[in-house]
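Let me begin by presenting the structure, written as structure tokens, before commenting on it.
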Amino acid sequence: MWASQRAGAVPGSVFALMDAAKARARAAGRAIIDLSIGSSDLRPPAPVLDALREATHDPLNDRYPLFSDTAPLRQAAAAYLARRFGVTVNPDTEVLPLIGAQEGLAHLLLAVTDPGDTLLLPDPGYPPYLGAAAVAGLKVVPLPLHAGNSFLPDLNAVPASVRPRALLLNYPNNPTSAVVDPAFFPAVAAWCRERGTLLIHDHPYAELTFGAYRAPSALQAGLTGVVELHSLSKTHHMGGFRVGFAAGDAGAIAALARVKGSVDFHPYLGIQRAAACALTLPDEVGRAGAAVFEARRDALVPALRDLGWAVARPQASMYAWARVPGLTDSVTFAVRAAEDTGVAVSPGAAFGRQGEGFVRFALVQPPEVLIEAAGRLREVGSGQW
Ligand SMILES: Cc1ncc(COP(=O)(O)O)c(C=O)c1O
């Protein structure tokens, strides 16, 4: 009775089904290997925890943080963008702290769109995108990502009559693990300028890259008409801290600040200090964390290929995106896998229509556990789902 149309429009999540399946498996005495959630199992770097600990001793940090109090984090974010991507942003007008990229995106959509506007969204894509679009009352036009096109969008296939208010992309990509090269964003930004479209790039996996690959930033295509969302959740294993930042187009950042000003205060100052510390650490610290996920990739991908599943070797992110031969109902498959083997994975359909036929593995367990998970999945079989 008290749910708004807006609340009713937020799609339900199949992760509740998965939760129930895991609970049944646990009740049946199975040891669960949970690879269904992309929450890093590594700890934040020690100096980050020290910075937080130290900040808790200063009573001044207990106050509501004002915008001026966010200067150290904004400056650390600007320095990071300059060091890592060669991008110059004004920390006073082109950067804003977030309570994570997910919060930032939901409020950004409210800040830069009006109800009925069109949003181009990748399919498959991170499920909360659809909820955020529904809350903002947007008309979603899906942008299919196919293996045949390396899970990149084909913007030329978007009819000229579609002039979206915003285009949302995410590379390194969740769930497909796809990556882009430095020429990608300038081309996308040119398309967006042509259509009068704001380019929003969700970039939480910016530093979770393997081997020689380094992820580019959309801001390298210029700041006008571009907003990028950064997060400390994956890059520094700070998911529970709830902290990130938005950077880019000054008008969009100012609109986001106005909306957020009526919704929340900035993150706790201790968490801001910890995030600023993380962004200032030498790159090797981030590389060491990424190397852990790279070793897990090297364990899991061959084990899945042994099952006859088609899986690319990711160059980044914390996922493996596997096509299971003959799979037509990934939700039933994932529920059955959890119940029968204790291995929880994410069904591809949870990420959109184009995700059907796939399952996503989060690389959040040590290599030997990933190999055991693949072995257990052999029992579930393939070809009958
Ligand atoms: C693509 C994408 N965006 C955003 C998030 C959430 O980021 P944050 O923890 O900063 O809200 C995730 C988490 O899995 C993600 O995969």
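Following the order of the structure tokens, first chain is A, next is B, and so on, with residues numbered from 1 inside each chain and ligands from 1 in the order they appear.
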
Protein and nucleic residues near ligand 1, 9 Å, only C-alpha atoms and all ligand atoms, as an MDAnalysis selection string: chainID A and resid 37:39 98:105 125:129 169:175 202:205 229:234 238:245 317

Strand (DSSP E or B) residues, from DSSP on the backbone, in region 215-379 of chain A, as a ChimeraX atom specification: /A:226-231,244-248,310-311,316,319-323,343-344,346-347,358-362

Take the residues from that selection and put them in a file with C-alpha atoms, as a compact mmCIF listing (two decimals), in the first residue's frame.
```
# COMPACT_ATOMS: atom_id res chain seq x y z
CA VAL A 226 31.92 12.96 -19.29
CA VAL A 227 31.60 11.76 -15.67
CA GLU A 228 33.60 8.86 -14.27
CA LEU A 229 32.80 7.01 -11.05
CA HIS A 230 35.72 5.60 -9.07
CA SER A 231 35.55 3.29 -6.10
CA GLY A 244 34.64 6.45 -3.90
CA PHE A 245 34.56 9.62 -5.97
CA ALA A 246 33.04 11.11 -9.09
CA ALA A 247 35.13 13.22 -11.45
CA GLY A 248 34.52 15.02 -14.71
CA ALA A 310 33.89 -21.46 -23.09
CA VAL A 311 35.61 -18.82 -21.02
CA ALA A 316 41.14 -7.46 -15.64
CA TYR A 319 35.31 -12.30 -12.60
CA ALA A 320 35.32 -15.16 -15.08
CA TRP A 321 32.36 -15.14 -17.47
CA ALA A 322 31.74 -18.65 -18.76
CA ARG A 323 29.40 -19.83 -21.46
CA VAL A 343 29.09 -23.97 -5.23
CA ALA A 344 27.35 -20.60 -5.59
CA SER A 346 25.85 -15.89 -10.42
CA PRO A 347 23.44 -16.85 -13.19
CA PHE A 358 26.49 -17.73 -19.08
CA VAL A 359 27.47 -17.97 -15.44
CA ARG A 360 29.75 -15.55 -13.59
CA PHE A 361 32.42 -16.62 -11.16
CA ALA A 362 33.78 -14.09 -8.68
```

Identify, on the basis of only C-alpha atoms, every residue whose closest approach to region 215-222 of chain A does not exceed 8 Å; exclude the query and any residue fewer than 5 positions from it along the same chain; express the result as an mmCIF file with N, CA, C and O atoms, in the first residue's frame.
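Written out: part_32.cif:
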```cif
data_model
loop_
_atom_site.group_PDB
_atom_site.id
_atom_site.type_symbol
_atom_site.label_atom_id
_atom_site.label_comp_id
_atom_site.auth_asym_id
_atom_site.auth_seq_id
_atom_site.Cartn_x
_atom_site.Cartn_y
_atom_site.Cartn_z
ATOM 1 N N PHE A 85 46.436 8.553 -15.039
ATOM 2 C CA PHE A 85 45.837 8.672 -16.372
ATOM 3 C C PHE A 85 46.283 9.928 -17.120
ATOM 4 O O PHE A 85 45.848 10.149 -18.251
ATOM 5 N N GLY A 86 47.093 10.772 -16.466
ATOM 6 C CA GLY A 86 47.485 12.025 -17.114
ATOM 7 C C GLY A 86 46.312 12.974 -17.293
ATOM 8 O O GLY A 86 46.316 13.820 -18.187
ATOM 9 N N VAL A 87 45.296 12.865 -16.430
ATOM 10 C CA VAL A 87 44.094 13.702 -16.533
ATOM 11 C C VAL A 87 44.164 14.798 -15.467
ATOM 12 O O VAL A 87 44.405 14.506 -14.290
ATOM 13 N N TYR A 171 34.139 -0.420 -18.025
ATOM 14 C CA TYR A 171 35.278 -1.254 -18.469
ATOM 15 C C TYR A 171 36.495 -0.962 -17.604
ATOM 16 O O TYR A 171 36.819 0.208 -17.459
ATOM 17 N N PRO A 172 37.165 -1.983 -17.068
ATOM 18 C CA PRO A 172 36.904 -3.409 -17.096
ATOM 19 C C PRO A 172 35.478 -3.710 -16.639
ATOM 20 O O PRO A 172 34.992 -3.103 -15.687
ATOM 21 N N VAL A 179 37.672 -5.694 -21.546
ATOM 22 C CA VAL A 179 38.466 -4.476 -21.345
ATOM 23 C C VAL A 179 38.489 -3.678 -22.645
ATOM 24 O O VAL A 179 38.123 -4.195 -23.707
ATOM 25 N N VAL A 180 38.934 -2.420 -22.545
ATOM 26 C CA VAL A 180 39.017 -1.566 -23.738
ATOM 27 C C VAL A 180 40.429 -0.996 -23.862
ATOM 28 O O VAL A 180 41.174 -0.942 -22.875
ATOM 29 N N ASP A 181 40.762 -0.560 -25.076
ATOM 30 C CA ASP A 181 42.075 0.054 -25.276
ATOM 31 C C ASP A 181 41.915 1.582 -25.252
ATOM 32 O O ASP A 181 40.793 2.097 -25.220
ATOM 33 N N PRO A 182 43.039 2.317 -25.272
ATOM 34 C CA PRO A 182 42.947 3.773 -25.085
ATOM 35 C C PRO A 182 42.169 4.500 -26.192
ATOM 36 O O PRO A 182 41.731 5.636 -25.992
ATOM 37 N N PHE A 185 37.501 5.217 -25.562
ATOM 38 C CA PHE A 185 36.680 6.298 -24.993
ATOM 39 C C PHE A 185 36.638 7.548 -25.870
ATOM 40 O O PHE A 185 35.576 8.171 -25.973
ATOM 41 N N PRO A 186 37.743 7.945 -26.518
ATOM 42 C CA PRO A 186 37.612 9.101 -27.417
ATOM 43 C C PRO A 186 36.553 8.873 -28.504
ATOM 44 O O PRO A 186 35.772 9.781 -28.823
ATOM 45 N N ALA A 189 33.153 9.087 -26.792
ATOM 46 C CA ALA A 189 32.860 10.474 -26.407
ATOM 47 C C ALA A 189 32.448 11.294 -27.627
ATOM 48 O O ALA A 189 31.548 12.154 -27.537
ATOM 49 N N HIS A 201 30.959 6.852 -17.071
ATOM 50 C CA HIS A 201 31.782 5.644 -17.034
ATOM 51 C C HIS A 201 31.954 5.196 -15.588
ATOM 52 O O HIS A 201 32.496 5.932 -14.758
ATOM 53 N N HIS A 203 33.815 2.993 -13.084
ATOM 54 C CA HIS A 203 35.188 2.498 -13.211
ATOM 55 C C HIS A 203 35.731 1.857 -11.925
ATOM 56 O O HIS A 203 36.883 2.109 -11.530
ATOM 57 N N ALA A 206 39.298 -0.130 -12.019
ATOM 58 C CA ALA A 206 40.376 0.589 -12.701
ATOM 59 C C ALA A 206 41.760 -0.013 -12.453
ATOM 60 O O ALA A 206 42.597 -0.033 -13.348
ATOM 61 N N GLU A 207 42.008 -0.500 -11.240
ATOM 62 C CA GLU A 207 43.357 -1.002 -10.911
ATOM 63 C C GLU A 207 43.421 -2.524 -10.800
ATOM 64 O O GLU A 207 44.464 -3.065 -10.471
ATOM 65 N N THR A 209 43.823 -4.977 -12.777
ATOM 66 C CA THR A 209 44.213 -5.383 -14.131
ATOM 67 C C THR A 209 45.422 -6.299 -14.046
ATOM 68 O O THR A 209 46.200 -6.237 -13.083
ATOM 69 N N VAL A 227 31.435 11.936 -17.119
ATOM 70 C CA VAL A 227 31.596 11.757 -15.665
ATOM 71 C C VAL A 227 32.081 10.338 -15.440
ATOM 72 O O VAL A 227 31.552 9.391 -16.025
ATOM 73 N N GLU A 228 33.094 10.195 -14.581
ATOM 74 C CA GLU A 228 33.604 8.861 -14.267
ATOM 75 C C GLU A 228 33.444 8.620 -12.766
ATOM 76 O O GLU A 228 33.705 9.508 -11.949
ATOM 77 N N GLY A 248 34.834 14.712 -13.318
ATOM 78 C CA GLY A 248 34.515 15.018 -14.715
ATOM 79 C C GLY A 248 33.812 16.356 -14.868
ATOM 80 O O GLY A 248 34.114 17.324 -14.135
#
```

Surrounding residues of Pro124 (chain A) excluding itself and chain neighbours under 3 positions, 7 Å, only C-alpha atoms, as a ChimeraX atom specification: /A:144-145,351-355

Got a sec to tell me which of region 231-268 of chain A DSSP assigns to alpha helix (DSSP H), as a compact mmCIF listing (two decimals) with N, CA, C and O atoms, in the first residue's frame?
```txt
# COMPACT_ATOMS: atom_id res chain seq x y z
N ALA A 250 32.14 19.68 -14.92
CA ALA A 250 31.89 20.52 -13.74
C ALA A 250 30.39 20.73 -13.52
O ALA A 250 29.91 20.76 -12.38
N GLY A 251 29.62 20.88 -14.60
CA GLY A 251 28.18 21.09 -14.45
C GLY A 251 27.50 19.88 -13.85
O GLY A 251 26.64 20.00 -12.96
N ALA A 252 27.88 18.71 -14.33
CA ALA A 252 27.28 17.46 -13.81
C ALA A 252 27.70 17.24 -12.36
O ALA A 252 26.88 16.81 -11.53
N ILE A 253 28.96 17.53 -12.05
CA ILE A 253 29.44 17.35 -10.67
C ILE A 253 28.70 18.31 -9.73
O ILE A 253 28.30 17.94 -8.62
N ALA A 254 28.47 19.55 -10.19
CA ALA A 254 27.75 20.51 -9.35
C ALA A 254 26.30 20.05 -9.14
O ALA A 254 25.76 20.16 -8.02
N ALA A 255 25.68 19.51 -10.18
CA ALA A 255 24.30 19.01 -10.04
C ALA A 255 24.26 17.83 -9.08
O ALA A 255 23.36 17.72 -8.24
N LEU A 256 25.27 16.96 -9.17
CA LEU A 256 25.34 15.80 -8.27
C LEU A 256 25.51 16.28 -6.82
O LEU A 256 24.86 15.76 -5.90
N ALA A 257 26.35 17.29 -6.63
CA ALA A 257 26.56 17.83 -5.27
C ALA A 257 25.26 18.40 -4.72
O ALA A 257 24.95 18.24 -3.53
N ARG A 258 24.47 19.05 -5.59
CA ARG A 258 23.19 19.63 -5.13
C ARG A 258 22.24 18.53 -4.67
O ARG A 258 21.62 18.62 -3.62
N VAL A 259 22.12 17.47 -5.50
CA VAL A 259 21.21 16.36 -5.13
C VAL A 259 21.70 15.68 -3.85
O VAL A 259 20.93 15.46 -2.92
N LYS A 260 22.99 15.37 -3.81
CA LYS A 260 23.52 14.67 -2.64
C LYS A 260 23.42 15.53 -1.37
O LYS A 260 23.23 15.00 -0.28
N GLY A 261 23.49 16.84 -1.56
CA GLY A 261 23.41 17.74 -0.41
C GLY A 261 22.08 17.63 0.32
O GLY A 261 21.98 17.94 1.51
```

Exercise: Ile33 (chain A) partners within 12 Å, only C-alpha atoms, chain neighbours under 5 positions left out, as an MDAnalysis selection string: chainID A and resid 22 25:26 337:345 361:366 368:377

How would the residues just picked look written out with N, CA and C atoms as a PDB file, in the first residue's frame?
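To be explicit, this is the file written out as again_18.pdb:
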```pdb
ATOM      1  N   LYS A  22      21.600 -21.202  -1.183  1.00  0.00           N
ATOM      2  CA  LYS A  22      22.790 -21.401  -0.335  1.00  0.00           C
ATOM      3  C   LYS A  22      22.354 -21.851   1.060  1.00  0.00           C
ATOM      4  N   ALA A  25      21.481 -25.452   0.999  1.00  0.00           N
ATOM      5  CA  ALA A  25      22.683 -26.289   0.900  1.00  0.00           C
ATOM      6  C   ALA A  25      23.377 -26.370   2.257  1.00  0.00           C
ATOM      7  N   ARG A  26      23.408 -25.230   2.944  1.00  0.00           N
ATOM      8  CA  ARG A  26      24.043 -25.188   4.265  1.00  0.00           C
ATOM      9  C   ARG A  26      23.278 -26.103   5.231  1.00  0.00           C
ATOM     10  N   ALA A 337      23.109 -25.835  -8.822  1.00  0.00           N
ATOM     11  CA  ALA A 337      24.534 -25.984  -8.496  1.00  0.00           C
ATOM     12  C   ALA A 337      24.769 -25.699  -7.016  1.00  0.00           C
ATOM     13  N   ALA A 338      24.126 -24.646  -6.508  1.00  0.00           N
ATOM     14  CA  ALA A 338      24.300 -24.299  -5.091  1.00  0.00           C
ATOM     15  C   ALA A 338      23.741 -25.405  -4.206  1.00  0.00           C
ATOM     16  N   GLU A 339      22.542 -25.876  -4.533  1.00  0.00           N
ATOM     17  CA  GLU A 339      21.901 -26.894  -3.681  1.00  0.00           C
ATOM     18  C   GLU A 339      22.648 -28.224  -3.720  1.00  0.00           C
ATOM     19  N   ASP A 340      23.054 -28.640  -4.921  1.00  0.00           N
ATOM     20  CA  ASP A 340      23.607 -29.987  -5.076  1.00  0.00           C
ATOM     21  C   ASP A 340      25.097 -30.073  -4.785  1.00  0.00           C
ATOM     22  N   THR A 341      25.832 -28.966  -5.008  1.00  0.00           N
ATOM     23  CA  THR A 341      27.286 -29.042  -4.854  1.00  0.00           C
ATOM     24  C   THR A 341      27.826 -28.036  -3.837  1.00  0.00           C
ATOM     25  N   GLY A 342      26.994 -27.084  -3.410  1.00  0.00           N
ATOM     26  CA  GLY A 342      27.455 -26.050  -2.487  1.00  0.00           C
ATOM     27  C   GLY A 342      28.232 -24.941  -3.179  1.00  0.00           C
ATOM     28  N   VAL A 343      28.362 -25.019  -4.511  1.00  0.00           N
ATOM     29  CA  VAL A 343      29.094 -23.966  -5.227  1.00  0.00           C
ATOM     30  C   VAL A 343      28.095 -22.910  -5.702  1.00  0.00           C
ATOM     31  N   ALA A 344      28.261 -21.691  -5.200  1.00  0.00           N
ATOM     32  CA  ALA A 344      27.351 -20.602  -5.594  1.00  0.00           C
ATOM     33  C   ALA A 344      28.025 -19.721  -6.637  1.00  0.00           C
ATOM     34  N   VAL A 345      27.372 -19.610  -7.790  1.00  0.00           N
ATOM     35  CA  VAL A 345      27.843 -18.712  -8.857  1.00  0.00           C
ATOM     36  C   VAL A 345      26.682 -17.792  -9.206  1.00  0.00           C
ATOM     37  N   PHE A 361      31.663 -16.215 -12.351  1.00  0.00           N
ATOM     38  CA  PHE A 361      32.421 -16.625 -11.155  1.00  0.00           C
ATOM     39  C   PHE A 361      33.146 -15.409 -10.604  1.00  0.00           C
ATOM     40  N   ALA A 362      32.972 -15.127  -9.322  1.00  0.00           N
ATOM     41  CA  ALA A 362      33.785 -14.093  -8.684  1.00  0.00           C
ATOM     42  C   ALA A 362      35.028 -14.784  -8.117  1.00  0.00           C
ATOM     43  N   LEU A 363      36.185 -14.201  -8.399  1.00  0.00           N
ATOM     44  CA  LEU A 363      37.465 -14.830  -8.020  1.00  0.00           C
ATOM     45  C   LEU A 363      37.809 -14.483  -6.567  1.00  0.00           C
ATOM     46  N   VAL A 364      36.920 -14.841  -5.661  1.00  0.00           N
ATOM     47  CA  VAL A 364      37.068 -14.378  -4.277  1.00  0.00           C
ATOM     48  C   VAL A 364      37.487 -15.492  -3.316  1.00  0.00           C
ATOM     49  N   GLN A 365      38.109 -16.539  -3.864  1.00  0.00           N
ATOM     50  CA  GLN A 365      38.635 -17.626  -3.040  1.00  0.00           C
ATOM     51  C   GLN A 365      40.019 -17.982  -3.575  1.00  0.00           C
ATOM     52  N   PRO A 366      40.844 -18.624  -2.746  1.00  0.00           N
ATOM     53  CA  PRO A 366      42.190 -19.007  -3.199  1.00  0.00           C
ATOM     54  C   PRO A 366      42.122 -20.005  -4.358  1.00  0.00           C
ATOM     55  N   GLU A 368      43.213 -23.022  -4.986  1.00  0.00           N
ATOM     56  CA  GLU A 368      42.835 -24.425  -4.785  1.00  0.00           C
ATOM     57  C   GLU A 368      41.334 -24.580  -4.555  1.00  0.00           C
ATOM     58  N   VAL A 369      40.720 -23.564  -3.948  1.00  0.00           N
ATOM     59  CA  VAL A 369      39.267 -23.621  -3.707  1.00  0.00           C
ATOM     60  C   VAL A 369      38.521 -23.440  -5.034  1.00  0.00           C
ATOM     61  N   LEU A 370      39.048 -22.583  -5.896  1.00  0.00           N
ATOM     62  CA  LEU A 370      38.419 -22.375  -7.215  1.00  0.00           C
ATOM     63  C   LEU A 370      38.479 -23.666  -8.024  1.00  0.00           C
ATOM     64  N   ILE A 371      39.609 -24.362  -7.932  1.00  0.00           N
ATOM     65  CA  ILE A 371      39.745 -25.623  -8.677  1.00  0.00           C
ATOM     66  C   ILE A 371      38.773 -26.658  -8.119  1.00  0.00           C
ATOM     67  N   GLU A 372      38.629 -26.669  -6.791  1.00  0.00           N
ATOM     68  CA  GLU A 372      37.669 -27.605  -6.204  1.00  0.00           C
ATOM     69  C   GLU A 372      36.245 -27.262  -6.663  1.00  0.00           C
ATOM     70  N   ALA A 373      35.932 -25.969  -6.729  1.00  0.00           N
ATOM     71  CA  ALA A 373      34.593 -25.547  -7.157  1.00  0.00           C
ATOM     72  C   ALA A 373      34.309 -26.050  -8.574  1.00  0.00           C
ATOM     73  N   ALA A 374      35.281 -25.879  -9.465  1.00  0.00           N
ATOM     74  CA  ALA A 374      35.081 -26.337 -10.848  1.00  0.00           C
ATOM     75  C   ALA A 374      34.865 -27.849 -10.864  1.00  0.00           C
ATOM     76  N   GLY A 375      35.629 -28.561 -10.040  1.00  0.00           N
ATOM     77  CA  GLY A 375      35.480 -30.021  -9.967  1.00  0.00           C
ATOM     78  C   GLY A 375      34.082 -30.411  -9.507  1.00  0.00           C
ATOM     79  N   ARG A 376      33.584 -29.710  -8.469  1.00  0.00           N
ATOM     80  CA  ARG A 376      32.250 -30.046  -7.969  1.00  0.00           C
ATOM     81  C   ARG A 376      31.187 -29.770  -9.035  1.00  0.00           C
ATOM     82  N   LEU A 377      31.406 -28.727  -9.839  1.00  0.00           N
ATOM     83  CA  LEU A 377      30.388 -28.367 -10.842  1.00  0.00           C
ATOM     84  C   LEU A 377      30.261 -29.440 -11.924  1.00  0.00           C
TER      85      LEU A 377
END
```

Who sits within 6 Å of region 327-332 of chain A, only C-alpha atoms, same chain under 3 positions skipped, as a PyMOL selection string: chain A and resi 324+335+347+357+385

Spatial neighbours of Phe151 (chain A), 8 Å, only C-alpha atoms, chain gap at least 5 places, as a PyMOL selection string: chain A and resi 145-146+176+178

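Distance check against Pro302 (chain A) using only C-alpha atoms: of A:Asp19, A:Pro367, A:Ser150, A:Pro91, the minimum falls on A:Pro367.
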
Distance in Å - CA of Ala295 (chain A) versus CA of Phe15 (chain A):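 Separation between CA of Ala295 (chain A) and CA of Phe15 (chain A): 27.0 Å.
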